[in-house]
Structures are given as C-alpha cells and as structure tokens.
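The structure file final_28.txt is reproduced below (compact mmCIF, C-alpha atoms).
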```
# COMPACT_ATOMS: atom_id res chain seq x y z
CA MET A 57 0.00 0.00 0.00
CA ALA A 58 1.27 3.45 -0.84
CA SER A 59 2.30 5.79 1.93
CA PRO A 60 -0.76 7.87 2.90
CA SER A 61 -0.88 11.65 2.44
CA ALA A 62 -3.43 13.86 4.21
CA SER A 63 -5.98 15.52 1.93
CA ALA A 64 -7.78 17.66 4.50
CA THR A 65 -6.93 21.34 4.84
CA LYS A 66 -4.67 22.53 7.62
CA LYS A 67 -7.58 24.05 9.51
CA GLU A 68 -9.67 20.91 9.29
CA SER A 69 -6.66 18.79 10.25
CA GLU A 70 -5.94 20.87 13.34
CA SER A 71 -9.55 20.76 14.47
CA ASN A 72 -9.60 16.97 14.13
CA GLU A 73 -6.37 16.33 16.06
CA GLN A 74 -6.68 14.67 19.44
CA TYR A 75 -3.79 15.25 21.82
CA GLN A 76 -3.07 12.47 24.26
CA PRO A 77 -1.25 12.90 27.58
CA SER A 78 2.53 12.78 27.77
CA LEU A 79 3.81 9.21 28.03
CA LYS A 80 6.58 9.25 30.62
CA ASN A 81 6.55 5.46 30.87
CA ILE A 82 7.64 4.97 27.24
CA GLY A 83 10.89 6.83 27.82
CA VAL A 84 11.68 7.11 24.11
CA LYS A 85 14.41 9.71 23.61
CA PRO A 86 15.09 9.93 19.88
CA GLN A 87 18.52 11.50 20.37
CA THR A 88 19.80 8.49 22.35
CA GLY A 89 18.31 5.76 20.15
CA THR A 90 16.69 3.93 23.09
CA GLY A 91 13.09 2.86 23.51
CA ALA A 92 10.87 1.23 20.88
CA ASN A 93 7.92 -1.14 20.49
CA ILE A 94 8.84 -3.81 17.95
CA VAL A 95 7.43 -6.99 16.38
CA LEU A 96 9.68 -9.47 14.58
CA LEU A 97 8.12 -11.85 12.05
CA GLY A 98 9.79 -14.65 10.17
CA PRO A 99 9.66 -18.41 9.62
CA PRO A 100 11.45 -20.80 12.00
CA GLY A 101 15.19 -20.59 11.42
CA SER A 102 15.15 -17.08 9.92
CA GLY A 103 17.26 -15.63 12.74
CA LYS A 104 14.58 -13.89 14.80
CA GLY A 105 16.00 -15.17 18.08
CA THR A 106 19.48 -13.83 17.40
CA GLN A 107 18.22 -10.43 16.26
CA SER A 108 15.65 -10.07 19.05
CA THR A 109 18.35 -10.45 21.70
CA ARG A 110 20.61 -7.85 20.11
CA LEU A 111 17.82 -5.38 19.36
CA SER A 112 16.29 -5.59 22.85
CA GLU A 113 19.71 -4.85 24.34
CA HIS A 114 20.35 -1.94 21.97
CA TYR A 115 17.00 -0.25 22.61
CA ASN A 116 16.96 -1.16 26.31
CA ILE A 117 13.56 -2.86 26.04
CA CYS A 118 12.11 -6.14 27.29
CA GLN A 119 12.04 -9.19 25.04
CA LEU A 120 8.75 -11.10 25.11
CA SER A 121 8.20 -14.58 23.70
CA THR A 122 4.66 -15.91 24.01
CA GLY A 123 6.05 -19.45 24.22
CA ASP A 124 8.16 -18.52 27.25
CA LEU A 125 5.25 -16.64 28.83
CA LEU A 126 2.96 -19.64 28.45
CA ARG A 127 5.54 -22.07 29.85
CA GLN A 128 6.12 -19.82 32.87
CA ALA A 129 2.38 -19.45 33.48
CA ALA A 130 1.85 -23.22 33.17
CA GLN A 131 4.29 -23.79 36.05
CA ASP A 132 2.05 -21.84 38.43
CA GLN A 133 0.28 -24.64 40.30
CA SER A 134 -1.96 -22.28 42.32
CA SER A 135 -3.42 -20.30 39.41
CA PRO A 136 -6.60 -21.47 37.61
CA GLU A 137 -5.25 -19.79 34.48
CA GLY A 138 -1.98 -21.69 34.84
CA LYS A 139 -3.89 -24.94 35.17
CA ARG A 140 -5.90 -24.27 31.98
CA ILE A 141 -2.72 -23.40 30.07
CA ARG A 142 -0.96 -26.52 31.34
CA GLN A 143 -3.85 -28.79 30.37
CA THR A 144 -4.12 -27.25 26.91
CA MET A 145 -0.40 -27.49 26.21
CA GLU A 146 -0.21 -31.10 27.47
CA ALA A 147 -3.07 -31.99 25.12
CA GLY A 148 -1.20 -30.39 22.21
CA GLY A 149 -3.86 -27.70 21.70
CA LEU A 150 -3.62 -23.96 21.07
CA VAL A 151 -4.03 -21.66 24.07
CA ASP A 152 -6.95 -19.25 23.74
CA ASP A 153 -6.01 -15.78 22.47
CA LYS A 154 -7.69 -14.15 25.47
CA ILE A 155 -5.31 -15.94 27.83
CA VAL A 156 -2.31 -15.01 25.68
CA MET A 157 -3.38 -11.34 25.62
CA SER A 158 -3.89 -11.40 29.39
CA LEU A 159 -0.31 -12.61 29.86
CA ILE A 160 0.98 -9.92 27.49
CA ASP A 161 -1.04 -7.23 29.26
CA ASN A 162 0.45 -8.25 32.61
CA ASN A 163 4.02 -8.40 31.30
CA ILE A 164 4.18 -5.09 29.43
CA SER A 165 3.09 -3.49 32.72
CA LYS A 166 6.29 -4.63 34.42
CA PRO A 167 9.10 -2.10 35.10
CA GLU A 168 11.51 -3.85 32.73
CA CYS A 169 9.08 -3.13 29.87
CA SER A 170 8.57 0.55 30.74
CA ASN A 171 10.97 1.63 27.99
CA GLY A 172 9.36 -0.54 25.33
CA PHE A 173 9.09 -4.17 24.24
CA LEU A 174 9.98 -6.59 21.47
CA PHE A 175 7.72 -9.48 20.42
CA ASP A 176 9.49 -12.44 18.83
CA GLY A 177 7.05 -14.22 16.52
CA PHE A 178 3.90 -12.62 17.88
CA PRO A 179 1.27 -11.86 16.72
CA ARG A 180 0.76 -14.79 14.39
CA THR A 181 -2.77 -14.08 13.14
CA ILE A 182 -4.93 -11.10 12.18
CA ASN A 183 -7.07 -11.68 15.27
CA GLN A 184 -4.02 -11.48 17.53
CA GLY A 185 -2.83 -8.38 15.68
CA GLU A 186 -6.17 -6.66 16.21
CA GLN A 187 -6.26 -7.59 19.90
CA LEU A 188 -2.71 -6.32 20.41
CA GLU A 189 -3.64 -3.07 18.66
CA ARG A 190 -6.65 -2.58 20.95
CA LEU A 191 -4.53 -3.33 24.02
CA LEU A 192 -1.90 -0.77 23.02
CA ASP A 193 -4.59 1.79 22.14
CA SER A 194 -6.03 1.43 25.64
CA ARG A 195 -2.57 2.22 27.04
CA GLN A 196 -1.99 5.10 24.62
CA LYS A 197 0.89 3.23 23.01
CA ARG A 198 1.58 2.04 19.49
CA LEU A 199 3.83 -0.35 17.59
CA ASP A 200 6.78 1.46 16.05
CA ALA A 201 8.05 -1.21 13.66
CA VAL A 202 7.17 -4.67 12.35
CA LEU A 203 10.18 -6.35 10.74
CA GLU A 204 9.72 -9.39 8.54
CA TYR A 205 12.80 -11.56 8.04
CA GLU A 206 12.48 -13.12 4.59
CA ILE A 207 14.33 -16.27 3.54
CA PRO A 208 13.56 -18.80 0.76
CA ASP A 209 12.04 -22.04 2.01
CA ASP A 210 14.69 -24.21 0.33
CA LEU A 211 17.55 -22.40 2.09
CA LEU A 212 15.62 -22.50 5.35
CA LYS A 213 15.27 -26.26 5.06
CA ARG A 214 19.01 -26.62 4.46
CA ARG A 215 19.70 -24.51 7.55
CA ILE A 216 17.37 -26.41 9.87
CA LEU A 217 17.64 -29.98 8.63
CA GLY A 218 21.44 -29.86 8.78
CA ARG A 219 21.64 -28.82 12.44
CA LEU A 220 23.56 -31.09 14.82
CA ILE A 221 23.93 -30.86 18.60
CA HIS A 222 26.13 -32.32 21.32
CA LYS A 223 23.57 -32.56 24.09
CA PRO A 224 25.88 -32.84 27.15
CA SER A 225 27.69 -29.57 26.33
CA GLY A 226 25.14 -27.78 24.15
CA ARG A 227 27.69 -27.33 21.36
CA THR A 228 26.05 -26.98 17.97
CA TYR A 229 27.22 -27.81 14.46
CA HIS A 230 25.83 -27.86 10.95
CA GLU A 231 26.46 -30.46 8.27
CA GLU A 232 26.96 -27.80 5.58
CA PHE A 233 27.68 -24.44 7.23
CA ASN A 234 29.62 -25.47 10.36
CA PRO A 235 30.56 -29.15 10.06
CA PRO A 236 32.40 -31.07 12.83
CA LYS A 237 35.96 -32.19 12.10
CA THR A 238 34.75 -35.80 12.01
CA SER A 239 31.32 -36.58 10.62
CA MET A 240 28.68 -36.81 13.38
CA LYS A 241 31.33 -36.54 16.15
CA ASP A 242 31.81 -33.76 18.72
CA ASP A 243 35.12 -31.93 18.15
CA VAL A 244 35.98 -31.92 21.86
CA THR A 245 34.85 -35.27 23.23
CA GLY A 246 34.43 -37.34 20.08
CA GLU A 247 30.97 -38.33 21.28
CA THR A 248 28.13 -38.85 18.81
CA LEU A 249 26.15 -35.80 17.70
CA GLU A 250 22.37 -35.82 17.46
CA ARG A 251 19.64 -34.04 15.55
CA ARG A 252 16.85 -32.21 17.33
CA SER A 253 13.72 -34.33 17.56
CA ASP A 254 11.58 -31.81 15.68
CA ASP A 255 14.14 -31.19 12.90
CA THR A 256 12.38 -33.41 10.38
CA THR A 257 11.16 -32.68 6.86
CA GLU A 258 7.54 -33.44 7.78
CA THR A 259 7.54 -31.18 10.86
CA LEU A 260 9.31 -28.35 9.07
CA ASN A 261 6.98 -28.46 6.06
CA ALA A 262 3.97 -28.28 8.37
CA ARG A 263 5.43 -25.33 10.29
CA LEU A 264 6.28 -23.45 7.10
CA ASN A 265 2.83 -24.03 5.60
CA THR A 266 1.20 -22.74 8.78
CA TYR A 267 3.53 -19.73 8.90
CA HIS A 268 2.86 -18.66 5.30
CA LYS A 269 -0.88 -19.18 5.61
CA GLN A 270 -1.13 -17.07 8.78
CA THR A 271 1.51 -14.46 8.08
CA THR A 272 0.58 -13.34 4.55
CA PRO A 273 -2.62 -11.55 5.65
CA LEU A 274 -0.87 -10.29 8.81
CA ILE A 275 1.82 -8.60 6.69
CA ASN A 276 -0.87 -6.77 4.72
CA PHE A 277 -2.46 -5.76 8.04
CA TYR A 278 0.74 -4.01 9.13
CA GLN A 279 1.54 -2.60 5.69
CA GLN A 280 -1.74 -0.68 5.88
CA ARG A 281 -0.51 0.82 9.14
CA ASN A 282 2.76 2.04 7.63
CA ILE A 283 4.95 0.14 10.11
CA HIS A 284 6.05 -2.95 8.13
CA GLN A 285 9.38 -3.54 6.39
CA SER A 286 10.91 -6.75 5.07
CA ILE A 287 14.60 -7.65 5.39
CA ASP A 288 16.67 -10.19 3.45
CA ALA A 289 17.55 -12.68 6.19
CA THR A 290 20.09 -14.48 3.99
CA GLN A 291 22.59 -11.67 4.68
CA LYS A 292 25.27 -11.85 7.35
CA VAL A 293 23.97 -11.54 10.92
CA ASN A 294 25.66 -8.16 11.47
CA ASP A 295 24.24 -6.79 8.21
CA VAL A 296 20.72 -7.88 9.17
CA TYR A 297 21.19 -6.30 12.59
CA LYS A 298 22.37 -2.95 11.17
CA GLN A 299 19.53 -2.88 8.64
CA SER A 300 17.02 -3.73 11.38
CA ARG A 301 18.22 -0.81 13.50
CA ASP A 302 18.12 1.61 10.57
CA ILE A 303 14.55 0.61 9.69
CA ILE A 304 13.33 0.82 13.29
CA ASP A 305 14.92 4.25 13.78
CA ASN A 306 13.20 5.48 10.62
CA LEU A 307 9.77 3.92 11.19
CA ARG A 308 9.38 5.08 14.77
CA LYS A 309 9.64 8.69 13.54
CA GLN A 310 6.86 8.15 10.98
CA PRO A 311 3.10 8.36 11.61
CA SER A 312 1.17 5.09 11.65
CA TYR A 313 -2.32 4.59 10.21
CA LYS A 314 -5.38 2.59 11.15
CA PRO A 315 -8.01 2.00 8.41
CA LEU A 316 -11.49 3.03 9.58
CA GLU A 317 -13.73 2.76 6.51
CA VAL A 318 -13.44 2.51 2.72
CA ASP A 319 -15.62 4.42 0.22
CA LYS A 320 -15.04 2.65 -3.10
CA GLU A 321 -17.41 4.97 -4.97
CA GLN A 322 -15.42 8.02 -3.92
CA GLY A 323 -12.12 6.15 -4.14
CA THR A 324 -11.10 7.15 -0.63
CA VAL A 325 -10.23 5.42 2.60
CA ARG A 326 -10.87 6.92 6.03
CA GLN A 327 -7.89 6.39 8.34
CA MET A 328 -6.74 7.31 11.83
CA GLU A 329 -3.24 8.77 11.80
CA THR A 330 -1.07 8.38 14.91
CA SER A 331 2.16 10.31 15.34
CA ILE A 332 4.54 10.92 18.23
CA ASP A 333 5.98 14.32 19.16
CA ARG A 334 8.70 14.96 21.68
CA ASN A 335 8.16 17.48 24.49
CA ASP A 336 11.49 19.34 24.62
CA PHE A 337 10.73 20.67 28.10
CA ASP A 338 10.76 17.35 29.95
CA GLU A 339 11.69 14.94 27.08
CA THR A 340 8.43 13.01 27.38
CA LEU A 341 6.40 11.99 24.34
CA ILE A 342 2.98 13.11 23.18
CA ILE A 343 0.83 10.91 20.98
CA LYS A 344 -1.38 12.73 18.45
CA THR A 345 -4.25 11.11 16.58
CA LYS A 346 -6.40 12.54 13.82
CA PRO A 347 -8.76 11.12 11.16
CA ILE A 348 -7.74 11.72 7.53
CA ASN A 349 -9.02 10.83 4.07
CA ASN A 350 -6.68 9.29 1.49
CA GLN A 351 -7.01 7.96 -2.05
CA ILE A 352 -7.33 4.19 -2.44
CA ASP A 353 -5.63 3.77 -5.82
CA VAL A 354 -2.36 5.65 -6.16
CA ASP A 355 0.48 5.14 -8.64
CA THR A 356 2.94 3.71 -6.15
CA SER A 357 5.97 4.18 -8.41
CA SER A 358 5.44 7.92 -8.79
CA LEU A 359 4.41 8.24 -5.15
CA GLY A 360 7.62 6.56 -4.04
CA LYS A 361 9.69 9.01 -6.08
CA ASN A 362 7.70 11.99 -4.80
CA PHE A 363 7.97 10.81 -1.21
CA LEU A 364 11.73 10.36 -1.50
CA PHE A 365 12.10 13.85 -2.97
CA VAL A 366 10.03 15.44 -0.19
CA TYR A 367 11.75 13.36 2.49
CA ASN A 368 15.23 14.36 1.31
CA SER A 369 14.20 18.02 0.99
CA VAL A 370 12.72 18.19 4.49
CA THR A 371 15.68 16.33 5.97
CA ALA A 372 18.09 18.79 4.37
CA VAL A 373 16.21 21.78 5.82
CA LEU A 374 16.09 20.24 9.30
CA ARG A 375 19.77 19.42 9.14
CA ASP A 376 20.61 22.98 8.04
CA HIS A 377 18.76 24.33 11.09
CA GLY A 378 20.55 21.95 13.43
CA ILE A 379 17.35 20.08 14.33
CA ILE A 380 18.68 16.68 13.26
```

Structure translated into structure tokens:
Amino acid sequence: MASPSASATKKESESNEQYQPSLKNIGVKPQTGTGANIVLLGPPGSGKGTQSTRLSEHYNICQLSTGDLLRQAAQDQSSPEGKRIRQTMEAGGLVDDKIVMSLIDNNISKPECSNGFLFDGFPRTINQGEQLERLLDSRQKRLDAVLEYEIPDDLLKRRILGRLIHKPSGRTYHEEFNPPKTSMKDDVTGETLERRSDDTTETLNARLNTYHKQTTPLINFYQQRNIHQSIDATQKVNDVYKQSRDIIDNLRKQPSYKPLEVDKEQGTVRQMETSIDRNDFDETLIIKTKPINNQIDVDTSSLGKNFLFVYNSVTAVLRDHGII
C-alpha cells in the first residue's frame, strides 16, 4: 500500500487532532536511540531469536516470547489460568487468544518493559494483531516497527535440517555451514552428535505451511498501518542487525495509520493517523491522533519518487537548522 498523504486542509486537520497525555513510561528519547515497540516476524530458522536479543539490548527494552510466557504461566500450580494453560499445552492444543493477551497485558506493565518491548514471533494471526492493537490503544501506546525476516524455504530447510547438537555440552554444528571435524562426532569429546527431535522434513513443512498461511494476511495488516518492512535474512547476521536498526529508527519517527472505513465509490479510505511528538521541556512523548481521508488507488511508483524527494528536501532543511 502506498504511503498515505493527508488531503484535509490545515484548519480541518488541526480541528480533528486529538492530543493524548505525555507518556513518561515509554521513555523514548530519539537522540539516544533507546526505547521502541517492535514486532519481529519470520519463519522458523530465519534468525529472529538472534536479532531479538541484540535489538532488545540496543534499545533497552524487554524481550517477550509468548512461548516462554505460556511455559512460565503453566508452572504456576496455584493459578486457575496456569492450570488451563498446562492442560491445553499437554493436550497439544492452542491456548486461547484471550489468555495469551492477558499474559501480554500483565508483562508489558512490568518495570523492565517501561521503555518498550519486542515481540518475537507474535502476533501470528490477524485476530491477535487486532487484539494487540486494541490493548496498546487502551494504554496510549503504538507499535513502532514490524520487521519481517524473509528467507527462501529451500535455504531455510538446508539450515534447519542440517543442524547437529552435542547434548551434554550444548555445542552446535551444521552439516553444511559449520561441520564437525569428524562426521557426526563432537570436536571436543568425540561423542556422537544428534539431531533435534523436531528437525524433520515433515515437521518443518507443516510449520512453514502454517507460517505462510497465517503471516501473509498479517503482513498486509501491518503494511496498511505504515509500520512494516521486510529484510533479506540471507545476509550476514551483522548486516541484518544494522539494517534492522536503521529501519526501526526510521519507522518510529513516521506516523502510523489505522483503516477506519473505505468508500469505493469516492475512491477514498478513512484512516486514523497516529504520530509521536517529543516534548522538549521534559523529554516526554505526546501521541497525536487525527482522522484523515486518502485515495485508495495511487500510482505507487510515482508516489515513491515523490515521497523520496520530499523526504530528502525536508531532511536537508532540518539538518541545516541543526534540528537533526
């Protein structure tokens, strides 16, 4: 979807703006590079885990994995919710989205998440994306960036199916990319290496099919909100990390959009624009929201060129005035 541009007049735009209270708990200070709310998407083996650890450390934010949250909750013997989660997981079922959102709500309230958060592999469906959006709206927060790590399925299969592990030490190898000195033997002890129990062609194919089926509509969901970018995950780890940081730093400065209604006859879409301004007095942030009307069908090639021209022009002026 093309980047939206407001069509209302300045007067109408100002009258429609809704100013929200300063958000001291976000703690985003653009000049330091810390603080962000991030979602990482990507198939199993795309490198999300590696990047999520580095990004959460860089932005000083908490790293949240729904799998870890569910496992922790299931260990609570005294909680009815923990019991339901434990029973569902033991039966091989999917935990209800309401329970998952309750766990997320509780965790992003913790002090370690006051500066922001990073979700690794969540949300997985449109329904979860909508529930997360409502939760953040209720807290006067927003997602800053959704990064999708792209990698061809055939390369992904080579990465995963070739993994080897020495269980006693945790040392890992790969048949193709990091082979042991002696086939199927640990370099240090000479003991036999093993494959992970779920590293099978059948299991991987099922996981990939599920991922593509669920994620394709979810990507469109976030593209409409102007917070999605894809990254080539076949690059070196450091290159993916640098590109991830650059994209996050850019996207969190941009307004996000929420589609409200579409008028096909008029060729317009009604959207809610959310932007973040910094209060220079106390370095807190102010969220602004306003409804705008945009065209549905836009020549994206010409729009991209126009946007780049305007972006570079504005950036040059701000830089000349010492603002950036």

* To do: For each of A:Asp242, A:Phe173, A:Ala130, A:Glu250, take the minimum atom-to-atom distance to Val151 in chain A, counting only C-alpha atoms, then give the residue where this is smallest.
  => A:Ala130

* To do: Using all atoms listed in the file, give me every residue within 10 Å of (24.2, -27.0, 19.1) in file coordinates, as a list in words.
  => Arg219, Leu220, Ile221, His222, Lys223, Ser225, Gly226, Arg227, Thr228, Tyr229, His230, Leu249, Glu250, Arg251 and Arg252 of chain A

* **Selected residue of minimal separation from Pro179 in chain A among A:Leu199, A:Val95, A:Ile216, A:Leu260, counting only C-alpha atoms** => A:Val95

* Asked: Separation of CA of Gln187 in chain A and CA of Ile160 in chain A, in Å?
  -> 10.7 Å

* Choose the residue, out of A:His268, A:Gly138, A:Ile117, A:Asn282, that has the smallest atom-to-atom separation from Glu206 in chain A; count only C-alpha atoms. =>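 Ranking A:His268, A:Gly138, A:Ile117, A:Asn282 by distance to Glu206 in chain A, first place goes to A:His268.
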
* To do: Please identify all polymer residues lying at most 9 Å from the point (10.1, -9.0, 24.9) (file coordinates), using all atoms listed in the file, and present the result as an MDAnalysis selection string.
  => chainID A and resid 94 108:109 112 117:122 163:164 169 172:176

Given the selection you just returned, output its residues as a file containing C-alpha atoms, formatted as a PDB file, in the frame of the given file.
```
ATOM      1  CA  ILE A  94       8.840  -3.810  17.950  1.00  0.00           C
ATOM      2  CA  SER A 108      15.650 -10.070  19.050  1.00  0.00           C
ATOM      3  CA  THR A 109      18.350 -10.450  21.700  1.00  0.00           C
ATOM      4  CA  SER A 112      16.290  -5.590  22.850  1.00  0.00           C
ATOM      5  CA  ILE A 117      13.560  -2.860  26.040  1.00  0.00           C
ATOM      6  CA  CYS A 118      12.110  -6.140  27.290  1.00  0.00           C
ATOM      7  CA  GLN A 119      12.040  -9.190  25.040  1.00  0.00           C
ATOM      8  CA  LEU A 120       8.750 -11.100  25.110  1.00  0.00           C
ATOM      9  CA  SER A 121       8.200 -14.580  23.700  1.00  0.00           C
ATOM     10  CA  THR A 122       4.660 -15.910  24.010  1.00  0.00           C
ATOM     11  CA  ASN A 163       4.020  -8.400  31.300  1.00  0.00           C
ATOM     12  CA  ILE A 164       4.180  -5.090  29.430  1.00  0.00           C
ATOM     13  CA  CYS A 169       9.080  -3.130  29.870  1.00  0.00           C
ATOM     14  CA  GLY A 172       9.360  -0.540  25.330  1.00  0.00           C
ATOM     15  CA  PHE A 173       9.090  -4.170  24.240  1.00  0.00           C
ATOM     16  CA  LEU A 174       9.980  -6.590  21.470  1.00  0.00           C
ATOM     17  CA  PHE A 175       7.720  -9.480  20.420  1.00  0.00           C
ATOM     18  CA  ASP A 176       9.490 -12.440  18.830  1.00  0.00           C
TER      19      ASP A 176
END
```

* Proximity to Thr271 in chain A - best of A:Glu189, A:Glu204, A:Glu137, A:Asp254, all atoms listed in the file ->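 Result for the nearest residue to Thr271 in chain A: A:Glu204.
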
* To do: Could you please determine the separation between CA of Asp193 in chain A and CA of Arg180 in chain A in Å, to one decimal place?
  =>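 Between CA of Asp193 in chain A and CA of Arg180 in chain A the gap works out to 19.1 Å.
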
Taking all atoms of range 289-293 of chain A that the file lists and extending 4 Å past them on each side, where is the centre of the axis-aligned box and how long are its edges? Answer in Å to one decimal, as lines of an AutoDock Vina configuration file.
```
center_x = 21.4
center_y = -13.0
center_z = 7.5
size_x = 15.7
size_y = 10.9
size_z = 14.9
```

* Tell me which protein, DNA and RNA residues are within 9 Å of Asp153 in chain A, counting all atoms listed in the file, leaving out same-chain ones fewer than 4 positions away, and put them as an MDAnalysis selection string. => chainID A and resid 157:158 183:184 187

* Have a look at A:Lys269, A:Phe178, A:Pro136, A:Ser170 and name the one nearest to Val156 in chain A; count only C-alpha atoms. =>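 Among the listed residues, A:Phe178 lies closest to Val156 in chain A.
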
* **Spatial neighbours of Ile182 in chain A, max dist 7 Å, all atoms listed in the file, sep filter under 3 positions, as a ChimeraX atom specification** => /A:185-186,273-274

Do you know which residues are at most 6 Å from range 96-101 of chain A counting only C-alpha atoms, after dropping those on the same chain fewer than 2 positions away, and could you put them as a PDB file with C-alpha atoms, keeping the file's coordinate frame?
```
ATOM      1  CA  GLY A 103      17.260 -15.630  12.740  1.00  0.00           C
ATOM      2  CA  ASP A 176       9.490 -12.440  18.830  1.00  0.00           C
ATOM      3  CA  GLY A 177       7.050 -14.220  16.520  1.00  0.00           C
ATOM      4  CA  VAL A 202       7.170  -4.670  12.350  1.00  0.00           C
ATOM      5  CA  LEU A 203      10.180  -6.350  10.740  1.00  0.00           C
ATOM      6  CA  GLU A 204       9.720  -9.390   8.540  1.00  0.00           C
ATOM      7  CA  TYR A 205      12.800 -11.560   8.040  1.00  0.00           C
TER       8      TYR A 205
END
```

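Using all atoms listed in the file, the nearest neighbour of Asp295 in chain A within the list A:Gln107, A:Leu191, A:Lys237, A:Glu258 is A:Gln107.
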
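Atom to atom, CA of Asn116 in chain A and CA of Thr90 in chain A stand 6.0 Å apart.
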
* To do: Write out as a ChimeraX atom specification each polymer residue whose atoms come within 12 Å of Asp210 in chain A, counting all atoms listed in the file; drop sequence neighbours fewer than 2 positions from it.
  => /A:101-102,207-208,212-217,257,260-261,264,290
